[in-house]
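Trainee: Here it is, the structure, as structure tokens.
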Amino acid sequence: IIKASGWEPFFIERISKARGVELGLLLRYGLVGAAFGVLFMALPNLLTFVSIAVYSALHGDGLPATVAFVSAQYINRLRLPLIQLPAALSQMLEMSVALGRISNFLAMEELDGNDHEASVSKEETPMGMPLAKASSLLLMEDASFAFMRQRSTSENQHVFELQRLCLQVSTGELVGVVGSVGCGKSSLLLAMLGEMRRIAGTSVLAPGVKLAYTSQKAFVENATLRENVLFGRSYDPLSYQVCIEACALSPDLALLPQGDLTEIGEMGVGLSGGQKQRVALARALYTLFDERKKTEDSGDSLVLFLLDDPLSAVDAHVG
């Protein structure tokens, strides 16, 4: 986007200014560290000189050998603690900053992971809505959501808002959200997931509905490819194979040294962006089969797939 819009000079200028500030701070940090290092390295010798000078000035009869050797021994024992003192002070400052950040995070207000209305039975009509709407998987009416930034213990600031959303998703429907860059498409999916706080309106998720989410940037943990697809669920060979075939992962498994038991992620084999995206899609699809297996007796397995541009990194012939 930056290249296509010709924004390189503007961003280079901003990055250069930020880099200049960073280099200035790093220079100050280095100078202060070097000054402390020189000071504390010379401190034992300086302490010896000062001690001898003060003793001679107070007594006036010179420094006896017994006092000189004992003093030198004690000062030598203080040499290592004095040399390590700057590092200890620096680590204490870093610990203080880290504790402050952790304390602020732990003191933040809890966010409910499911910011929808309380689940109701299928026979009920939530919030006075028509019965046809009550049978929907997800229903939003004049719902507003916001990311919250805590400014103080009693005041929160709305960083970004989605206002007056009206949305109905029923069983078997394919709903597409189209818009310009930064208009809130991904935020809408986060609102469905409960990652944004509902500040107005109504949002109802039908009882028993599970959400399967695939983000724009696929998440892959450091584990085998099979474990990335299962994601802690029980392994069913037939359902697993269907997911692999549906997401066009069979050719990729043939290239991996140990098939789906190959370790991927930071410490394993590196995958391309398209391969990671298809692994994430297979993970979301396996949610449906897992829910069907859990609800064999009731036959009521509903999964709402939330796909955030899942084919953005996939090759054209694969998509």
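Just remember, in the structure tokens the first chain shown is A, the second B, etc., residues are 1-based per chain, and ligands are 1-based in the order shown.
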Which residues are near range 47-50 of chain A? Cut-off 12 Å, only C-alpha atoms, ignore same chain within fewer than 2 positions. Put them as a list of chain:residue names.

Mentor: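 In the requested form, the answer reads A:Leu39, A:Phe40, A:Met41, A:Ala42, A:Leu43, A:Pro44, A:Asn45, A:Ile52, A:Ala53, A:Val54, A:Tyr55, A:Ser56, A:Ala57, A:Ala68, A:Phe69, A:Val70, A:Ser71, A:Ala72, A:Gln73, A:Tyr74, A:Ile75, A:Asn76, A:Arg77, A:Leu78, A:Arg79, A:Leu82.
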
Trainee: Identify which of the residues A:Leu46, A:Ala87, A:Ala34, A:Ala284 lies closest to Tyr213 in chain A, counting only C-alpha atoms when measuring atom-to-atom distances.

Mentor: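 Using only C-alpha atoms, the shortest distance to Tyr213 in chain A belongs to A:Ala284.
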
Trainee: Which residue out of A:Val181, A:Leu190, A:Leu261, A:Leu137 has the minimum interatomic distance to Leu162 in chain A when only C-alpha atoms are used?

Mentor: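 Once distances to Leu162 in chain A are computed over only C-alpha atoms, the minimum belongs to A:Leu190.
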
Trainee: I need the residues in range 171-288 of chain A that are alpha helix (DSSP H) according to DSSP; give them as number ranges by chain.

Mentor: A: 185-193, 225-230, 237-246, 250-255, 273-288

Trainee: Between A:Leu205, A:Ala98, A:Lys210, A:Leu165, which is the closest to Ser187 in chain A once you count only C-alpha atoms?

Mentor: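 Closest residue, counting only C-alpha atoms: A:Leu165.
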
Trainee: Compile the contact shell of range 244-251 of chain A as a list in words: residues with an atom at most 7 Å away, counting only C-alpha atoms, same-chain residues fewer than 6 positions apart removed.

Mentor: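 My reading of the contact set: Arg278, Leu281 and Ala282 of chain A.
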
Trainee: Could you dump the residues just selected with C-alpha atoms as a PDB file, in the first residue's frame?

Mentor:
```pdb
ATOM      1  CA  ARG A 278      -4.757 -23.503   5.071  1.00  0.00           C
ATOM      2  CA  LEU A 281      -8.752 -23.209   7.846  1.00  0.00           C
ATOM      3  CA  ALA A 282      -8.445 -26.933   8.520  1.00  0.00           C
TER       4      ALA A 282
END
```

Trainee: Determine the nearest neighbour of Leu238 in chain A from the options A:Tyr286, A:Leu253, A:Arg28, A:Lys217, counting only C-alpha atoms.

Mentor: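 Using only C-alpha atoms, the shortest distance to Leu238 in chain A belongs to A:Tyr286.
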
Trainee: So how far away is CA of Phe145 in chain A from CA of Gly176 in chain A, in Å?

Mentor: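 Pair CA of Gly176 in chain A / CA of Phe145 in chain A returns 19.5 Å.
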